[in-house]
Amino acid sequence: MTLHFFLVICMIICALAAVMAKRMIHSAIFLALVSVLLATIMFSAYAPWAGVFELSVCAGLITVLFASTASMIGRGESYAKRERKKFLFLPPVLIVFGVLVWLFGGQITQVFQISQTPAVPAFMTVGDVMWNLRLPDLLGQLCLFVAGVMAVRVILGEGSDE
Amino acid sequence: MNSLLTPENLQFNYFAAIMMFFIGLYTMTASRNLIRLLIGLEITSKGVMLAFVSVGSALGAMSFVQALIIIMIGVEAVVVATGLILIIRAYKQRGNVDPTKLSGLKG
Amino acid sequence: MLLNGIFVIIPVIGAVICAFLNKQKQAPGLLANIILLFGFLISLHIFFMSLGQEWFFGEDVLSAFMLIMIYMVALAVAFFAVFAASTKRRGSYFAILLVITAGMAGVVCSQDLFTLYVFLEVVAVASFVLIAFYNREKSTEGAIRYFYLSSIASAFILFAISLLLLYTGDTTYEGLVKTILQTQGNSAPLNIILGTLAVALMIKTGLFPFHSWTPDAYESASSPISALLAGIVTKVAGTYALVLVCMLLSIVNFGIEHNTVGKAIMWFGLGSIVFGALAAQEQKDFKRMLAYSSISQMGYITIAAALATPLAMAGALFHIFNHATFKTLLFFCAGNVKKATGTTAINEMRGLQEKMPYTSATATIGMLATAGLPPFSGFWSKLFIIAALWQAGFIGMSVTALFASVLTLAYFLKLQRGMFFGSASKNIANVKEQGMGFLIPCFALAFIIIAVGIYFPFIYNNFLSPFIKVLQ
């Protein structure tokens, strides 16, 4: 119980650090930390598959993408100095917002407490759910991958031809 | 190991998810820097994933929620990659100008 | 979804083949046109088969209707692009065109909010690529702006889905409807969920406070692409889903009062009607003016959809169809003008009608239809919307919408006088009319506009009045 609280609070702090960091590469690393913490929470909540994907894709692949962009652009030193002032306000704003949500959120969660039995029976495995119920989503993901490949090819791979 | 994420602390989890979502949304609206925008997007989706996991464990529909999260991660990776590609293109075109700056959002 | 999955799978396979044919000159365009033509015919067949069927979210009359529109506009754009696309990367060009068609078909066929989200991202990613297709600074800027607003919209959609999952334990439309019917009287959580979704979809539609990406994107993209974006992409990715949300909102607290969130959306719609019409007056560029006009017309659709009486809903769907035809036509005309003269600035030339009579005539038809003049199709849908507003007691809004329609006429007359009418100025002495390839899509769309306008009683009796009955 307390460990869970600790993990979640660490995650929020890492998220704050990621948006307030001075260097692009630090932002990427803090983001990876957020992913690792989230993956730990997922493992502890008996969601191993989601945790594995979170670790490999979000903490691995996306961090690599961010880091390589940072090195390619060559502005890893500091980015957007002017607007960093705005982010100094973020922690106090967040605390005020959090207190407000904590005070009034009780009522909101009461309102939301009606959820009945889930539509999907608990005995189905992840694979079953994916292939039997979420087939349209997989189709959409296929389209998305084609679109992503075309994005890389059109925007980076080919020159201008006007 | 017992589940750290019991249905009893659903409220706390949802609170944390709202906090994460707020951080991400603040970043996305306050920043004119594209990389920071992408980081904000990532953080919002992390918040949503935390909410999904806690809802799944509260309802006992873990496999359904895991399927949604896996698909979401795939979608997110493609979107982030596309955003980074656009940034690199802007850098190539503008050269010395800060490539990540969005010059105003006026209509 | 899987019943209509053919509309998603076939274009994607076509896209992969097109991507491999990148160096060919004619093959990708031909393949894309054949696929889209077949899709169009099959969707027509499905629509006539499913006419008069029971109302059901997902694979129903509405999604068949949207499929017809998607394939019609995509076919017109692909045909136009065979002649108008000045690129050597034709394979990539048509591949993305097919991918975006597949994404839109997925959006209208989905029966589940999460599937809707996945396909909205497909459409968004393909749109970034289309906007940034040419290596210009302005295109990249437009794509980046779209990216900025679209990612905020996706965050909102995801948040709404997580709330929905908590509340109902399900993400399908069916489950949502069931929950709404079960919990009449406890409208707060549903209003929060659907309101969050509505904000996201208003960003995707490009309504007034969130419009900043549309003019840039339309202006910087090449003409076939801006026709596709304005004609159908914003409608499917934004308005179609917004119509669904509004329909769901209208059954929350059904019969007790008009939903508060619905009323708020109506104000957004009214705001963009007025803002779009006023901002269009100031524009000096043909395509930019069309972009603001689009914002204004989207406002009409939104206000009617949010009102959600049967008459208003019929008006909204009819206006979606009409706007798809005449805005695509107008962007094609802008493309013709750009190709012939090299510019779309309004005040740089006069009297184009002497040099380009067909483009000028079709553009005039499109503009009069947009402004809602009687013989054309736009008149009937605007009449429906304004009458529905009046009937429901929103008299101020209906009068404002009527006045905004007059403003539409004003800016289009300004455009006509500046560009097409009068005697030809010297700088366009060598301009020639475009070839038949450019004109056939224009003629086809103009024919649809006139035919729908004149044979309106037939369309009303066969399509609209059964639809209104189904809604009641």
# chains A, B, ... in the order shown; residues from 1 in each chain; ligands from 1
>>> residues_around(residues="range 189-204 of chain C", least_positions_apart="5", cutoff="9 Å", atoms="only C-alpha atoms", output="NGL selection string")
(:A and (108 or 111-112)) or (:C and (146 or 149-150 or 152-161 or 163-164 or 167 or 180 or 209-211 or 234-235 or 237-239 or 241-242 or 245-246 or 248-249 or 252 or 259-262 or 265 or 268 or 302))
>>> residues_around(residues="Asn33 in chain C", least_positions_apart="3", cutoff="10 Å", atoms="only C-alpha atoms", output="MDAnalysis selection string")
chainID C and resid 27:30 36:39 74:79 82 94 98
>>> write_last_selection(atoms="N, CA and C atoms", output="CSV table (one decimal), in the first residue's frame")
chain,number,residue,atom,x,y,z
C,27,ALA,N,0.6,4.4,-63.3
C,27,ALA,CA,0.0,3.3,-62.6
C,27,ALA,C,-0.6,3.6,-61.2
C,28,PRO,N,0.1,4.3,-60.3
C,28,PRO,CA,-0.6,4.6,-59.0
C,28,PRO,C,-1.9,5.3,-59.1
C,29,GLY,N,-1.9,6.4,-60.0
C,29,GLY,CA,-3.2,7.1,-60.1
C,29,GLY,C,-4.3,6.3,-60.6
C,30,LEU,N,-4.0,5.4,-61.6
C,30,LEU,CA,-5.0,4.5,-62.1
C,30,LEU,C,-5.5,3.6,-61.1
C,36,LEU,N,-11.1,3.5,-55.7
C,36,LEU,CA,-12.1,4.4,-55.1
C,36,LEU,C,-13.4,4.3,-55.8
C,37,LEU,N,-13.3,4.1,-57.2
C,37,LEU,CA,-14.6,4.0,-57.9
C,37,LEU,C,-15.4,2.8,-57.4
C,38,PHE,N,-14.6,1.6,-57.3
C,38,PHE,CA,-15.3,0.4,-56.8
C,38,PHE,C,-15.9,0.7,-55.4
C,39,GLY,N,-15.1,1.3,-54.6
C,39,GLY,CA,-15.6,1.6,-53.2
C,39,GLY,C,-16.9,2.4,-53.2
C,74,ALA,N,-13.2,11.5,-52.3
C,74,ALA,CA,-11.8,10.9,-52.5
C,74,ALA,C,-11.6,10.6,-54.0
C,75,LEU,N,-12.7,10.1,-54.6
C,75,LEU,CA,-12.6,9.7,-56.1
C,75,LEU,C,-12.4,11.0,-56.9
C,76,ALA,N,-13.2,12.1,-56.6
C,76,ALA,CA,-13.0,13.3,-57.3
C,76,ALA,C,-11.6,13.8,-57.1
C,77,VAL,N,-11.1,13.8,-55.9
C,77,VAL,CA,-9.8,14.3,-55.6
C,77,VAL,C,-8.7,13.5,-56.3
C,78,ALA,N,-8.9,12.2,-56.3
C,78,ALA,CA,-7.9,11.3,-56.9
C,78,ALA,C,-7.9,11.6,-58.4
C,79,PHE,N,-9.1,11.7,-59.0
C,79,PHE,CA,-9.1,12.0,-60.5
C,79,PHE,C,-8.5,13.3,-60.8
C,82,VAL,N,-4.6,13.2,-60.5
C,82,VAL,CA,-3.9,12.6,-61.6
C,82,VAL,C,-3.3,13.7,-62.5
C,94,PHE,N,-0.4,9.0,-54.0
C,94,PHE,CA,-1.7,8.2,-54.0
C,94,PHE,C,-1.8,7.2,-52.9
C,98,LEU,N,-4.9,7.0,-50.3
C,98,LEU,CA,-5.7,5.8,-50.0
C,98,LEU,C,-5.7,5.5,-48.5
>>> residues_around(residues="Ala85 in chain C", least_positions_apart="3", cutoff="9 Å", atoms="only C-alpha atoms", output="ChimeraX atom specification")
/C:80-82,88,90,93,222-224
>>> residues_around(residues="range 134-151 of chain A", least_positions_apart="3", cutoff="6 Å", atoms="only C-alpha atoms", output="list in words")
Met130, Trp131, Val154 and Ile155 of chain A; Val78 of chain B; Thr115, Val118, Phe119, Val122, Ala126 and Val129 of chain C
>>> write_last_selection(atoms="C-alpha atoms", output="PDB file, in the first residue's frame")
ATOM      1  CA  MET A 130      -7.121  -8.727 -28.758  1.00  0.00           C
ATOM      2  CA  TRP A 131      -8.044 -11.150 -31.505  1.00  0.00           C
ATOM      3  CA  VAL A 154       7.735  11.215 -47.659  1.00  0.00           C
ATOM      4  CA  ILE A 155       8.991  13.719 -45.134  1.00  0.00           C
TER       5      ILE A 155
ATOM      6  CA  VAL B  78       3.694   6.290 -34.351  1.00  0.00           C
TER       7      VAL B  78
ATOM      8  CA  THR C 115     -11.659   2.209 -32.295  1.00  0.00           C
ATOM      9  CA  VAL C 118      -7.357   4.736 -33.267  1.00  0.00           C
ATOM     10  CA  PHE C 119      -8.806   5.644 -36.659  1.00  0.00           C
ATOM     11  CA  VAL C 122      -4.736   7.317 -38.635  1.00  0.00           C
ATOM     12  CA  ALA C 126      -2.023  10.873 -42.872  1.00  0.00           C
ATOM     13  CA  VAL C 129       1.943  13.866 -44.261  1.00  0.00           C
TER      14      VAL C 129
END
>>> closest_atom_pairs(of="chain C", to="chain B", cutoff="8 Å", atoms="only C-alpha atoms", output="CSV")
residue,atom,partner,partner_atom,distance
C:Phe114,CA,B:Leu68,CA,7.9
C:Val118,CA,B:Val75,CA,7.0
C:Glu121,CA,B:Val75,CA,7.4
C:Val125,CA,B:Val79,CA,6.8
C:Arg136,CA,B:Gln93,CA,7.8
C:Glu137,CA,B:Gln93,CA,6.3
C:Thr140,CA,B:Ala90,CA,6.3
C:Glu141,CA,B:Ala90,CA,7.7
C:Ala143,CA,B:Leu86,CA,7.8
C:Ile144,CA,B:Leu86,CA,6.8
C:Arg145,CA,B:Leu105,CA,7.7
C:Phe147,CA,B:Gly83,CA,7.2
C:Tyr148,CA,B:Leu37,CA,7.4
C:Ser151,CA,B:Leu41,CA,6.8
C:Ile152,CA,B:Met28,CA,7.1
C:Ala155,CA,B:Thr44,CA,6.4
C:Leu158,CA,B:Val48,CA,6.6
C:Phe159,CA,B:Val48,CA,6.0
C:Ser162,CA,B:Phe52,CA,5.9
C:Leu165,CA,B:Val55,CA,7.2
C:Leu166,CA,B:Val55,CA,5.7
C:Gly169,CA,B:Leu59,CA,7.3
C:His211,CA,B:Gly107,CA,7.0
C:Ser212,CA,B:Gly107,CA,4.4
C:Trp213,CA,B:Gly107,CA,7.3
C:Pro215,CA,B:Gly107,CA,7.0
C:Asp216,CA,B:Gly107,CA,7.9
>>> residues_around(residues="range 87-100 of chain A", least_positions_apart="6", cutoff="10 Å", atoms="only C-alpha atoms", output="list in words")
Ile13, Leu16, Val19, Met20 and Ala21 of chain A; Phe15, Ala16, Ile18, Met19, Met20, Phe22, Ile23, Tyr26, Thr27, Ala30 and Ser31 of chain B
>>> write_last_selection(atoms="N, CA and C atoms", output="short mmCIF file (atom, residue, chain, number, x, y, z; two decimals), in the first residue's frame")
data_model
loop_
_atom_site.label_atom_id
_atom_site.label_comp_id
_atom_site.auth_asym_id
_atom_site.auth_seq_id
_atom_site.Cartn_x
_atom_site.Cartn_y
_atom_site.Cartn_z
N ILE A 13 6.43 13.34 -9.60
CA ILE A 13 7.60 14.22 -9.49
C ILE A 13 8.46 14.11 -10.75
N LEU A 16 6.92 16.11 -13.49
CA LEU A 16 7.21 17.53 -13.32
C LEU A 16 8.63 17.84 -13.79
N VAL A 19 9.01 18.01 -17.61
CA VAL A 19 8.59 19.21 -18.34
C VAL A 19 9.40 20.44 -17.94
N MET A 20 10.04 20.40 -16.75
CA MET A 20 10.77 21.59 -16.32
C MET A 20 12.26 21.53 -16.62
N ALA A 21 12.73 20.41 -17.14
CA ALA A 21 14.17 20.26 -17.33
C ALA A 21 14.72 21.28 -18.31
N PHE B 15 -6.93 10.24 -8.73
CA PHE B 15 -6.38 11.56 -8.38
C PHE B 15 -5.02 11.74 -9.04
N ALA B 16 -4.15 10.72 -8.91
CA ALA B 16 -2.81 10.82 -9.51
C ALA B 16 -2.91 10.94 -11.02
N ILE B 18 -5.34 12.26 -12.71
CA ILE B 18 -5.77 13.62 -13.05
C ILE B 18 -4.61 14.60 -12.93
N MET B 19 -3.76 14.39 -11.89
CA MET B 19 -2.58 15.24 -11.74
C MET B 19 -1.67 15.14 -12.98
N MET B 20 -1.40 13.89 -13.39
CA MET B 20 -0.54 13.69 -14.55
C MET B 20 -1.14 14.35 -15.78
N PHE B 22 -3.14 16.83 -15.83
CA PHE B 22 -3.05 18.29 -15.71
C PHE B 22 -1.66 18.77 -16.08
N ILE B 23 -0.62 18.06 -15.59
CA ILE B 23 0.75 18.47 -15.94
C ILE B 23 0.92 18.47 -17.46
N TYR B 26 -1.15 21.30 -19.12
CA TYR B 26 -0.53 22.61 -18.87
C TYR B 26 0.65 22.79 -19.81
N THR B 27 1.48 21.72 -19.91
CA THR B 27 2.65 21.81 -20.77
C THR B 27 2.23 22.05 -22.22
N ALA B 30 0.78 25.67 -22.49
CA ALA B 30 1.64 26.80 -22.16
C ALA B 30 2.85 26.87 -23.08
N SER B 31 3.26 25.74 -23.63
CA SER B 31 4.53 25.73 -24.35
C SER B 31 4.32 25.98 -25.82
#
>>> interface_residues(of="chain A", to="chain B", cutoff="6 Å", atoms="only C-alpha atoms", output="list in words")
Met1, His4, Ser44, Ala45, Ala50, Ala122, Thr125, Val126, Met130 and Gly148 of chain A
>>> select_by_dssp(residues="range 15-103 of chain B", states="alpha helix (DSSP H)", output="PyMOL selection string")
chain B and resi 15-30+34-59+62-94
>>> residues_around(residues="range 358-371 of chain C", least_positions_apart="5", cutoff="8 Å", atoms="only C-alpha atoms", output="PDB file with N, CA and C atoms, in the first residue's frame")
ATOM      1  N   HIS C 323     -22.023  20.543 -48.195  1.00  0.00           N
ATOM      2  CA  HIS C 323     -20.759  21.246 -48.012  1.00  0.00           C
ATOM      3  C   HIS C 323     -19.619  20.447 -48.609  1.00  0.00           C
ATOM      4  N   PHE C 326     -19.836  21.278 -52.460  1.00  0.00           N
ATOM      5  CA  PHE C 326     -19.472  22.603 -52.996  1.00  0.00           C
ATOM      6  C   PHE C 326     -18.123  23.091 -52.518  1.00  0.00           C
ATOM      7  N   LYS C 327     -17.679  22.675 -51.329  1.00  0.00           N
ATOM      8  CA  LYS C 327     -16.340  23.139 -50.925  1.00  0.00           C
ATOM      9  C   LYS C 327     -15.253  22.438 -51.717  1.00  0.00           C
ATOM     10  N   LEU C 329     -15.620  21.466 -54.797  1.00  0.00           N
ATOM     11  CA  LEU C 329     -15.677  22.140 -56.092  1.00  0.00           C
ATOM     12  C   LEU C 329     -14.917  23.450 -56.056  1.00  0.00           C
ATOM     13  N   LEU C 330     -15.135  24.246 -54.995  1.00  0.00           N
ATOM     14  CA  LEU C 330     -14.481  25.557 -54.934  1.00  0.00           C
ATOM     15  C   LEU C 330     -12.973  25.407 -54.825  1.00  0.00           C
ATOM     16  N   CYS C 333     -11.640  24.701 -58.181  1.00  0.00           N
ATOM     17  CA  CYS C 333     -11.575  25.917 -58.991  1.00  0.00           C
ATOM     18  C   CYS C 333     -10.367  26.747 -58.603  1.00  0.00           C
ATOM     19  N   ASN C 336      -7.466  25.237 -60.211  1.00  0.00           N
ATOM     20  CA  ASN C 336      -7.382  25.576 -61.635  1.00  0.00           C
ATOM     21  C   ASN C 336      -6.808  26.968 -61.827  1.00  0.00           C
ATOM     22  N   VAL C 337      -7.313  27.923 -61.009  1.00  0.00           N
ATOM     23  CA  VAL C 337      -6.835  29.297 -61.133  1.00  0.00           C
ATOM     24  C   VAL C 337      -5.344  29.358 -60.821  1.00  0.00           C
ATOM     25  N   LEU C 352     -11.337  36.958 -65.109  1.00  0.00           N
ATOM     26  CA  LEU C 352     -10.913  35.613 -65.488  1.00  0.00           C
ATOM     27  C   LEU C 352     -11.982  34.874 -66.285  1.00  0.00           C
ATOM     28  N   GLN C 353     -13.227  35.355 -66.222  1.00  0.00           N
ATOM     29  CA  GLN C 353     -14.282  34.586 -66.890  1.00  0.00           C
ATOM     30  C   GLN C 353     -14.125  34.602 -68.400  1.00  0.00           C
ATOM     31  N   PHE C 376     -30.045  26.132 -55.726  1.00  0.00           N
ATOM     32  CA  PHE C 376     -28.951  25.195 -55.463  1.00  0.00           C
ATOM     33  C   PHE C 376     -29.156  24.452 -54.153  1.00  0.00           C
ATOM     34  N   SER C 377     -28.338  23.403 -53.989  1.00  0.00           N
ATOM     35  CA  SER C 377     -28.565  22.486 -52.873  1.00  0.00           C
ATOM     36  C   SER C 377     -28.366  23.147 -51.509  1.00  0.00           C
ATOM     37  N   GLY C 378     -27.414  24.097 -51.427  1.00  0.00           N
ATOM     38  CA  GLY C 378     -27.122  24.707 -50.130  1.00  0.00           C
ATOM     39  C   GLY C 378     -28.310  25.412 -49.513  1.00  0.00           C
ATOM     40  N   PHE C 379     -29.196  25.895 -50.384  1.00  0.00           N
ATOM     41  CA  PHE C 379     -30.376  26.611 -49.891  1.00  0.00           C
ATOM     42  C   PHE C 379     -31.217  25.721 -48.993  1.00  0.00           C
ATOM     43  N   SER C 405     -25.563  34.196 -43.343  1.00  0.00           N
ATOM     44  CA  SER C 405     -25.696  33.687 -44.703  1.00  0.00           C
ATOM     45  C   SER C 405     -25.609  34.828 -45.712  1.00  0.00           C
ATOM     46  N   VAL C 406     -26.203  35.974 -45.350  1.00  0.00           N
ATOM     47  CA  VAL C 406     -26.094  37.148 -46.222  1.00  0.00           C
ATOM     48  C   VAL C 406     -24.647  37.611 -46.310  1.00  0.00           C
ATOM     49  N   THR C 408     -22.085  35.723 -46.120  1.00  0.00           N
ATOM     50  CA  THR C 408     -21.426  34.787 -47.031  1.00  0.00           C
ATOM     51  C   THR C 408     -21.552  35.260 -48.463  1.00  0.00           C
ATOM     52  N   LEU C 409     -22.786  35.676 -48.814  1.00  0.00           N
ATOM     53  CA  LEU C 409     -23.017  36.182 -50.161  1.00  0.00           C
ATOM     54  C   LEU C 409     -22.137  37.396 -50.418  1.00  0.00           C
ATOM     55  N   PHE C 412     -18.465  36.455 -51.069  1.00  0.00           N
ATOM     56  CA  PHE C 412     -18.276  35.769 -52.344  1.00  0.00           C
ATOM     57  C   PHE C 412     -18.477  36.712 -53.524  1.00  0.00           C
ATOM     58  N   GLN C 416     -15.949  37.396 -56.463  1.00  0.00           N
ATOM     59  CA  GLN C 416     -16.340  37.302 -57.862  1.00  0.00           C
ATOM     60  C   GLN C 416     -15.939  38.553 -58.618  1.00  0.00           C
ATOM     61  N   PHE C 420     -13.298  37.090 -61.093  1.00  0.00           N
ATOM     62  CA  PHE C 420     -13.856  36.485 -62.301  1.00  0.00           C
ATOM     63  C   PHE C 420     -14.579  37.479 -63.203  1.00  0.00           C
ATOM     64  N   GLU C 433      -7.778  28.274 -70.465  1.00  0.00           N
ATOM     65  CA  GLU C 433      -8.585  27.349 -69.665  1.00  0.00           C
ATOM     66  C   GLU C 433      -7.846  26.028 -69.498  1.00  0.00           C
ATOM     67  N   LEU C 439     -11.344  19.717 -65.547  1.00  0.00           N
ATOM     68  CA  LEU C 439     -12.712  20.241 -65.520  1.00  0.00           C
ATOM     69  C   LEU C 439     -13.756  19.184 -65.217  1.00  0.00           C
ATOM     70  N   CYS C 442     -14.934  19.080 -61.710  1.00  0.00           N
ATOM     71  CA  CYS C 442     -15.714  20.296 -61.429  1.00  0.00           C
ATOM     72  C   CYS C 442     -17.125  20.156 -61.981  1.00  0.00           C
ATOM     73  N   PHE C 443     -17.226  19.695 -63.244  1.00  0.00           N
ATOM     74  CA  PHE C 443     -18.551  19.550 -63.851  1.00  0.00           C
ATOM     75  C   PHE C 443     -19.401  18.553 -63.065  1.00  0.00           C
ATOM     76  N   ALA C 446     -20.550  20.149 -59.850  1.00  0.00           N
ATOM     77  CA  ALA C 446     -21.551  21.191 -60.118  1.00  0.00           C
ATOM     78  C   ALA C 446     -22.878  20.552 -60.502  1.00  0.00           C
ATOM     79  N   ILE C 449     -24.589  19.435 -57.395  1.00  0.00           N
ATOM     80  CA  ILE C 449     -25.164  20.560 -56.647  1.00  0.00           C
ATOM     81  C   ILE C 449     -26.495  20.980 -57.261  1.00  0.00           C
TER      82      ILE C 449
END
